[in-house]
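J.: There's a structure below that I have some questions on.
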Amino acid sequence: MSVQEVLPLDGLAAEQEGHYRSDHLLVAEMVRRGSKVLDVGCGDGDLLQLLENRGIDGRGIELSREGVNRCVAKGLAVVQGDADTDLINYPDDAFDYVILSQTLQATRQPKVVLENLLRIGHRAIVSFPNFGYWKMRLQLLIGGHMPRTENLPATWYDTANIHFCTIKDFVQLCDEIGVKMERAEALDLYGRPLRLRLPWWVWNLFGEQGVFLLSRGGGK
Amino acid sequence: MVGVTSVPSPAIAEERSHEADHPSSQVAYFGAEQPLSLDCGIDLSPFQIAYQTYGELNAERSNAVLICHALTGDQHVANVHPVTGKPGWWETLVGPGRPLDPSHYFIICANVIGGCMGSTGPASLNPATGKVWGLDFPIITIPDMVRAQAMLIDRLGIDTLFAVVGGSMGGMQVLQWTAAYPGRVFSALAIACSTRHSAQNIAFHELGRQAVMADPDWHNGRYTDHGIHPHRGLAVARMAAHITYLSDAALHRKFGRRMQDRELPTFSFDADFQVESYLRYQGSSFVERFDANSYLYLTRAMDYFDIAGDHGGVLAKAFAGVKTRFCVVSFTSDWLFPTSESRALVHALNASSARVSFAEIETDRGHDAFLLDVPEFFDISRAFLQSAGKARGLNGKGG
């Protein structure tokens, strides 16, 4: 599933720093230089290219053949594969970071995928659209229909996003499977972090997407 | 027997047998002091490797690319073939402005050991008897081919190859190179291949070999002594194999049920259909340039190929710690080396933490797609080689 298919983020284009998306810059900022990274659902490879330019050894998995071929044509080490079925082929501790950017909501088994991310990588970076965002809530409350936004324009019947969650839901899942949250950021509609240290409920209401740096917790 | 194939012209047959011992390529000769240790336990000596080169080796000796040819290919990658007069078999990939541009790389392609275009094989003269080797030639394997290539690369004074590139049986050699000499291969482009030959593929090869051996002109492999060549059996083998290189869709698109130079069926076993005529042509043109015994040996080498089998059944072990940059390419309509085989390879490479790119290219042209003009394949090859070249510190942009 390419990012573009799941979640056209055209709304972010105006907020590019250089030619990179701001949420990608945030993710890249979380990754230590010289580390080894797997980007699951790497789309056209924009994030991977940003990471490689920063001296990071990046690999990618992408579901769509077109996405893979565009990545390989950029010289990136990307293989065709499915987050739901192919992560099991990677050994434990193979990467320093495994990134799941805007893809979690399109997986069939988000919990299993999340567990695999932290088995393969010492750390995971997960970003996803927040279904608790106030515009989403308003559409359901007032409009009475499934929410559609600039960044999630697909209708309920043709969306690839089958497992939407809110920031609150995600935090609960992390607690449940004993994942430690090292860093959490909520981004506004334009991909800018809500820099203020705000309570979760505020982030859950005003964050258009969440970005989490995770590591393995002590126990389940 | 209905005239399946035309008899090759004696002049071309003569040229073919001459090439087996006296190739128009460069030759590396390995004497008694440098035998080739074969997997079957025999030391082959003396032997020779015929090879072609394109471009210049740079001062750092870091721009050498080895191309490994497929079953019925040879070293004439990008020059006119000395027997058939046809263009090189991979001029789509190799040449000025192509992904493998001789102005950037020193490109080497050697005829495999067991072949019939100048490297020692069953069609060569056995120095012990003064006659053609025939079936006295020892059975060779893909690792044997690669071992001989490594000796050639040593002879050329090259330590590390910038890239090893090949499709089909050539791809098998690429993988064998990375497994056997991981430190000597900077990047590997393995196309339409597999880490082991499947049961179905062995079955097709057996069909081809039996067709050769069923030809009375084969004479237990001693046909040269009788001044003949089992061209009918070899042509049938080639016809059967050729079908496996294509696809149902490609055959249908190219020929459908169209008739050959006629409106109505002749109600005979003549080549009424265009596809029959095409296959007969493929068969007869092949026997002009290829030795029947060599076909037996090379198909056998592919059958024995199983990298995992050589590493305790665990494929990932074959690539443990390998630093080579891999690019694996498969084609959607290739049913001889289907994408699933490439995917198994990629999983093993992932498990070994190797740096690997894997692209499946959509085409209806079957296994042969790697030899044809498929722009997406060239884009990927070019980008892979360029990014590897950057990592290798090659100044040229590589086409």
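Chains: A, B, ... in order of the structure tokens. Residues: from 1 per chain. Ligands: from 1, in order shown.
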Which neighbours of Thr324 of chain B fall inside 7 Å, counting only C-alpha atoms, when residues of the same chain fewer than 2 positions from it are skipped, and could you give them as a list in words?

T.: Pro182, Val185, Phe186, Ser187, Ala188, Val322 and Phe326 of chain B

J.: Mind dumping the selected residues with N, CA and C atoms as a CSV table (one decimal), in the first residue's frame?

T.:
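File written: result-v5.csv
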```
chain,number,residue,atom,x,y,z
B,182,PRO,N,31.8,-13.8,-1.5
B,182,PRO,CA,31.1,-12.6,-1.1
B,182,PRO,C,31.9,-11.4,-1.1
B,185,VAL,N,32.4,-9.5,-4.8
B,185,VAL,CA,31.3,-9.0,-5.6
B,185,VAL,C,30.7,-7.7,-4.9
B,186,PHE,N,30.9,-6.6,-5.5
B,186,PHE,CA,30.3,-5.3,-4.8
B,186,PHE,C,28.8,-5.2,-5.0
B,187,SER,N,28.4,-5.6,-6.2
B,187,SER,CA,26.9,-5.5,-6.4
B,187,SER,C,26.5,-6.7,-7.4
B,188,ALA,N,25.3,-7.1,-7.2
B,188,ALA,CA,24.8,-8.3,-7.9
B,188,ALA,C,23.4,-8.0,-8.5
B,322,VAL,N,26.9,-11.3,4.0
B,322,VAL,CA,27.3,-10.8,2.7
B,322,VAL,C,27.1,-9.3,2.6
B,326,PHE,N,22.4,-6.2,-3.6
B,326,PHE,CA,21.7,-7.1,-4.5
B,326,PHE,C,20.5,-6.3,-5.2
```

J.: Go through segment 45-105 of chain A residue by residue and, counting only C-alpha atoms, keep those with an atom at most 10 Å from segment 327-332 of chain B; for each kept residue give the shortest atom pair and its distance in Å to one decimal, ordered by chain and increasing number, as a tab-separated table.

T.:
```
residue	atom	partner	partner_atom	distance
A:Asn69	CA	B:Val329	CA	10.0
A:Val72	CA	B:Cys327	CA	8.4
A:Gly75	CA	B:Cys327	CA	9.7
A:Leu76	CA	B:Cys327	CA	9.9
A:Ala77	CA	B:Cys327	CA	8.0
A:Val78	CA	B:Cys327	CA	9.2
A:Val79	CA	B:Val328	CA	8.8
```

J.: Write the residues of the preceding selection, restricted to C-alpha atoms, as a PDB file, in the first residue's frame.

T.:
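Result saved to selection-v3.pdb:
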```pdb
ATOM      1  CA  ASN A  69       9.831   0.018  -9.060  1.00  0.00           C
ATOM      2  CA  VAL A  72      14.410   0.834  -7.058  1.00  0.00           C
ATOM      3  CA  GLY A  75      18.585   3.392  -6.272  1.00  0.00           C
ATOM      4  CA  LEU A  76      16.845   2.558  -2.987  1.00  0.00           C
ATOM      5  CA  ALA A  77      16.962  -0.909  -1.430  1.00  0.00           C
ATOM      6  CA  VAL A  78      13.262  -1.667  -1.545  1.00  0.00           C
ATOM      7  CA  VAL A  79      11.472  -4.981  -1.917  1.00  0.00           C
TER       8      VAL A  79
END
```

J.: So that I can see what lies close to Trp133 of chain B, please list as a PDB file with N, CA and C atoms, in the first residue's frame the residues with an atom at most 7 Å from it, counting only C-alpha atoms and leaving out residues fewer than 6 positions away in the same chain.

T.:
```
ATOM      1  N   PRO B 122      32.351 -30.347 -23.906  1.00  0.00           N
ATOM      2  CA  PRO B 122      32.280 -31.638 -24.594  1.00  0.00           C
ATOM      3  C   PRO B 122      32.580 -31.551 -26.095  1.00  0.00           C
ATOM      4  N   ALA B 123      32.468 -30.356 -26.675  1.00  0.00           N
ATOM      5  CA  ALA B 123      32.757 -30.222 -28.111  1.00  0.00           C
ATOM      6  C   ALA B 123      34.230 -29.929 -28.374  1.00  0.00           C
ATOM      7  N   SER B 124      35.011 -29.727 -27.276  1.00  0.00           N
ATOM      8  CA  SER B 124      36.438 -29.428 -27.437  1.00  0.00           C
ATOM      9  C   SER B 124      37.215 -30.722 -27.656  1.00  0.00           C
ATOM     10  N   LEU B 125      38.429 -30.558 -28.132  1.00  0.00           N
ATOM     11  CA  LEU B 125      39.294 -31.731 -28.297  1.00  0.00           C
ATOM     12  C   LEU B 125      39.856 -32.148 -26.943  1.00  0.00           C
ATOM     13  N   ASN B 126      39.756 -33.430 -26.660  1.00  0.00           N
ATOM     14  CA  ASN B 126      40.351 -33.985 -25.451  1.00  0.00           C
ATOM     15  C   ASN B 126      41.827 -34.252 -25.742  1.00  0.00           C
TER      16      ASN B 126
END
```

J.: Using only C-alpha atoms, determine which residues lie at most 12 Å from Gly73 of chain B, disregarding the query and same-chain residues fewer than 6 positions distant; provide the list as a PyMOL selection string.

T.: chain B and resi 67+81+88-90+109-112+115-117+166-170+286+289-290+294-295+298+371

J.: Selection from above, C-alpha atoms, as a CSV table (one decimal), in the first residue's frame, can you write it?

T.:
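Contents of result11.csv, as written:
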```csv
chain,number,residue,atom,x,y,z
B,67,ILE,CA,28.1,-10.7,-17.3
B,81,HIS,CA,28.2,-13.3,-33.4
B,88,GLY,CA,25.1,-9.5,-29.6
B,89,TRP,CA,22.4,-11.1,-27.4
B,90,TRP,CA,22.3,-8.4,-24.8
B,109,CYS,CA,31.6,-12.0,-20.5
B,110,ALA,CA,33.1,-15.5,-20.6
B,111,ASN,CA,31.7,-18.6,-22.3
B,112,VAL,CA,30.9,-21.0,-19.4
B,115,GLY,CA,30.0,-24.5,-23.4
B,116,CYS,CA,30.7,-24.7,-27.1
B,117,MET,CA,32.0,-21.3,-28.1
B,166,GLY,CA,23.0,-12.2,-15.4
B,167,GLY,CA,19.6,-13.7,-16.2
B,168,SER,CA,18.3,-17.2,-15.9
B,169,MET,CA,21.3,-19.6,-15.8
B,170,GLY,CA,23.4,-16.4,-15.7
B,286,PHE,CA,19.6,-23.1,-32.8
B,289,ARG,CA,25.2,-22.6,-33.5
B,290,PHE,CA,25.0,-25.0,-30.6
B,294,SER,CA,27.0,-29.1,-24.6
B,295,TYR,CA,23.3,-28.7,-24.3
B,298,LEU,CA,24.6,-27.3,-19.4
B,371,LEU,CA,16.5,-10.3,-23.2
```

J.: Nearest residue to Glu376 of chain B out of B:Gly312, B:Pro99, B:Met172, B:Pro265, using only C-alpha atoms?

T.: B:Pro99

J.: Ranking A:His163, A:His19, A:His24, A:Arg108 by minimum distance to Pro193 of chain A and counting only C-alpha atoms, which one comes first?

T.: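 Using only C-alpha atoms, Pro193 of chain A sits closest to A:His24.
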
J.: Could you list, as a PyMOL selection string, the residues of chain B having an atom within 9 Å of chain A when counting only C-alpha atoms?

T.: chain B and resi 325-328+343+346-348+350-353+355-362+376+379-388

J.: Could you please determine the separation between atom CA of Ala235 of chain B and atom CA of Ile191 of chain B in Å, to one decimal place?

T.: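 Between atom CA of Ala235 of chain B and atom CA of Ile191 of chain B the gap is 26.1 Å.
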
J.: Excluding segment 10-15 of chain B and residues on its chain fewer than 4 positions from it, collect all residues at most 12 Å away from it, counting only C-alpha atoms, and give them as a PyMOL selection string.

T.: chain B and resi 6+19-24+81-85+116-118+224+227-231+284-292

J.: Quick one: DSSP strand (DSSP E) residues in segment 27-162 of chain B, as a compact mmCIF listing (two decimals) with N, CA and C atoms, in the first residue's frame?

T.:
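This went into states-v8.txt:
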```txt
# COMPACT_ATOMS: atom_id res chain seq x y z
N VAL B 27 41.31 -15.76 -25.33
CA VAL B 27 41.31 -17.04 -24.63
C VAL B 27 42.28 -16.99 -23.46
N ALA B 28 41.80 -17.45 -22.29
CA ALA B 28 42.70 -17.64 -21.15
C ALA B 28 42.95 -19.14 -21.05
N TYR B 29 44.21 -19.52 -21.17
CA TYR B 29 44.56 -20.93 -21.14
C TYR B 29 45.14 -21.28 -19.77
N PHE B 30 44.63 -22.35 -19.17
CA PHE B 30 45.11 -22.77 -17.85
C PHE B 30 45.76 -24.14 -18.00
N LEU B 36 41.17 -27.05 -12.88
CA LEU B 36 39.87 -26.60 -12.36
C LEU B 36 39.28 -27.74 -11.54
N SER B 37 39.14 -27.51 -10.23
CA SER B 37 38.59 -28.55 -9.35
C SER B 37 37.07 -28.59 -9.50
N ASP B 43 39.74 -33.14 -11.40
CA ASP B 43 40.48 -31.91 -11.72
C ASP B 43 40.60 -31.83 -13.23
N LEU B 44 39.97 -30.82 -13.79
CA LEU B 44 40.02 -30.66 -15.24
C LEU B 44 41.27 -29.87 -15.61
N PHE B 47 42.61 -26.57 -19.43
CA PHE B 47 41.33 -26.07 -19.95
C PHE B 47 41.51 -24.61 -20.37
N GLN B 48 40.53 -24.15 -21.12
CA GLN B 48 40.61 -22.74 -21.55
C GLN B 48 39.25 -22.08 -21.41
N ILE B 49 39.30 -20.76 -21.23
CA ILE B 49 38.09 -19.95 -21.14
C ILE B 49 38.15 -18.89 -22.24
N ALA B 50 37.10 -18.88 -23.06
CA ALA B 50 37.00 -17.86 -24.11
C ALA B 50 36.15 -16.71 -23.59
N TYR B 51 36.60 -15.49 -23.83
CA TYR B 51 35.86 -14.36 -23.27
C TYR B 51 35.96 -13.13 -24.16
N GLN B 52 34.98 -12.26 -23.99
CA GLN B 52 34.94 -10.97 -24.68
C GLN B 52 35.03 -9.88 -23.62
N THR B 53 35.64 -8.77 -23.96
CA THR B 53 35.61 -7.62 -23.06
C THR B 53 35.20 -6.38 -23.84
N TYR B 54 34.61 -5.45 -23.10
CA TYR B 54 34.18 -4.18 -23.69
C TYR B 54 34.58 -3.08 -22.71
N ALA B 64 35.11 -3.22 -13.02
CA ALA B 64 34.89 -4.45 -13.81
C ALA B 64 33.51 -5.04 -13.55
N VAL B 65 32.83 -5.36 -14.64
CA VAL B 65 31.50 -5.98 -14.55
C VAL B 65 31.58 -7.32 -15.26
N LEU B 66 31.15 -8.36 -14.58
CA LEU B 66 31.10 -9.68 -15.21
C LEU B 66 29.66 -9.98 -15.59
N ILE B 67 29.45 -10.27 -16.85
CA ILE B 67 28.13 -10.71 -17.30
C ILE B 67 28.17 -12.23 -17.43
N CYS B 68 27.16 -12.88 -16.84
CA CYS B 68 27.08 -14.34 -16.92
C CYS B 68 25.96 -14.69 -17.91
N PHE B 106 34.38 -1.76 -17.37
CA PHE B 106 35.13 -2.79 -18.08
C PHE B 106 34.28 -4.05 -18.00
N ILE B 107 33.66 -4.41 -19.10
CA ILE B 107 32.65 -5.47 -19.11
C ILE B 107 33.27 -6.75 -19.67
N ILE B 108 33.09 -7.82 -18.90
CA ILE B 108 33.67 -9.11 -19.28
C ILE B 108 32.53 -10.10 -19.41
N CYS B 109 32.55 -10.90 -20.45
CA CYS B 109 31.64 -12.05 -20.50
C CYS B 109 32.42 -13.24 -21.02
N ALA B 110 32.37 -14.34 -20.27
CA ALA B 110 33.11 -15.54 -20.64
C ALA B 110 32.14 -16.65 -20.99
N LEU B 125 38.43 -30.56 -28.13
CA LEU B 125 39.29 -31.73 -28.30
C LEU B 125 39.86 -32.15 -26.94
N ASN B 126 39.76 -33.43 -26.66
CA ASN B 126 40.35 -33.98 -25.45
C ASN B 126 41.83 -34.25 -25.74
N LYS B 131 40.70 -36.63 -29.72
CA LYS B 131 39.34 -36.60 -30.27
C LYS B 131 38.48 -35.67 -29.43
N VAL B 132 37.31 -35.38 -29.96
CA VAL B 132 36.37 -34.54 -29.21
C VAL B 132 36.00 -35.24 -27.89
N LEU B 161 34.90 -7.49 -8.26
CA LEU B 161 34.07 -7.09 -9.39
C LEU B 161 33.11 -6.02 -8.92
N PHE B 162 32.96 -4.96 -9.70
CA PHE B 162 31.98 -3.94 -9.34
C PHE B 162 30.58 -4.55 -9.39
```

J.: Quick check, in Å to one decimal: how far apart do atom CA of Leu372 of chain B and atom CA of Ser342 of chain B lie?

T.: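 For atom CA of Leu372 of chain B relative to atom CA of Ser342 of chain B, the distance reads 19.4 Å.
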
J.: Please report the interatomic distance between atom CA of Val374 of chain B and atom CA of Gln274 of chain B in Å with one decimal.

T.: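 Those two atoms sit 24.5 Å apart.
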
J.: Which residues come within 6 Å of segment 178-192 of chain A, counting only C-alpha atoms, excluding same-chain residues fewer than 2 positions away, as a list in words?

T.: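 Residues near the query, excluding close chain neighbours: Leu12, Ser22, Asp23, Cys174, Asp175, Glu176, Leu194, Gly207, Glu208, Gln209, Gly210, Val211, Phe212, Leu213, Leu214, Ser215, Arg216, Gly217, Gly219 and Lys220 of chain A.
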
J.: Atoms to include: C-alpha atoms. Write the selected residues as a PDB file, in the first residue's frame.

T.:
```
ATOM      1  CA  LEU A  12       1.204  19.047   3.324  1.00  0.00           C
ATOM      2  CA  SER A  22       7.314  17.975   7.355  1.00  0.00           C
ATOM      3  CA  ASP A  23       6.109  14.709   8.900  1.00  0.00           C
ATOM      4  CA  CYS A 174       0.875   0.426  23.420  1.00  0.00           C
ATOM      5  CA  ASP A 175       0.087   0.055  27.130  1.00  0.00           C
ATOM      6  CA  GLU A 176      -1.662  -3.233  26.505  1.00  0.00           C
ATOM      7  CA  LEU A 194       1.874  20.764  18.341  1.00  0.00           C
ATOM      8  CA  GLY A 207      -3.781  16.446  16.444  1.00  0.00           C
ATOM      9  CA  GLU A 208      -4.514  15.555  12.846  1.00  0.00           C
ATOM     10  CA  GLN A 209      -1.960  12.762  13.061  1.00  0.00           C
ATOM     11  CA  GLY A 210       0.193  11.177  15.716  1.00  0.00           C
ATOM     12  CA  VAL A 211       3.865  10.265  15.458  1.00  0.00           C
ATOM     13  CA  PHE A 212       5.313   7.936  18.094  1.00  0.00           C
ATOM     14  CA  LEU A 213       8.820   6.772  18.831  1.00  0.00           C
ATOM     15  CA  LEU A 214       8.448   3.409  20.546  1.00  0.00           C
ATOM     16  CA  SER A 215      10.745   0.951  22.203  1.00  0.00           C
ATOM     17  CA  ARG A 216      10.293  -2.409  23.832  1.00  0.00           C
ATOM     18  CA  GLY A 217       8.783  -2.131  27.274  1.00  0.00           C
ATOM     19  CA  GLY A 219       6.891  -6.673  30.099  1.00  0.00           C
ATOM     20  CA  LYS A 220       3.390  -7.295  28.910  1.00  0.00           C
TER      21      LYS A 220
END
```

J.: Quick one: everything within 8 Å of Arg184 of chain B, counting only C-alpha atoms, minus sequence neighbours fewer than 6 positions away in the same chain. Send it as a PyMOL selection string.

T.: chain B and resi 159-161+178

J.: Could you save those same residues with N, CA and C atoms as a PDB file, in the first residue's frame?

T.:
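Output file out10.pdb is given in full below:
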```pdb
ATOM      1  N   ASP B 159      40.522  -7.959  -8.430  1.00  0.00           N
ATOM      2  CA  ASP B 159      40.223  -8.538  -7.123  1.00  0.00           C
ATOM      3  C   ASP B 159      38.718  -8.546  -6.889  1.00  0.00           C
ATOM      4  N   THR B 160      38.104  -7.349  -6.939  1.00  0.00           N
ATOM      5  CA  THR B 160      36.674  -7.234  -6.671  1.00  0.00           C
ATOM      6  C   THR B 160      35.947  -6.761  -7.916  1.00  0.00           C
ATOM      7  N   LEU B 161      34.905  -7.494  -8.263  1.00  0.00           N
ATOM      8  CA  LEU B 161      34.074  -7.089  -9.392  1.00  0.00           C
ATOM      9  C   LEU B 161      33.106  -6.020  -8.921  1.00  0.00           C
ATOM     10  N   THR B 178      28.011 -14.621  -5.349  1.00  0.00           N
ATOM     11  CA  THR B 178      27.871 -13.922  -4.068  1.00  0.00           C
ATOM     12  C   THR B 178      27.991 -14.896  -2.902  1.00  0.00           C
TER      13      THR B 178
END
```

J.: Smallest atom-to-atom distance to Ala318 of chain B: which of B:Leu71, B:Ala179, B:Met145, B:Leu394, using only C-alpha atoms?

T.: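 Smallest distance to Ala318 of chain B is found for B:Ala179.
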
J.: For the helix (DSSP H, G or I) assignment from backbone DSSP, which residues of segment 115-203 of chain B qualify? Please present them as a PyMOL selection string.

T.: chain B and resi 134-136+142-155+169-180+182-184+199-203
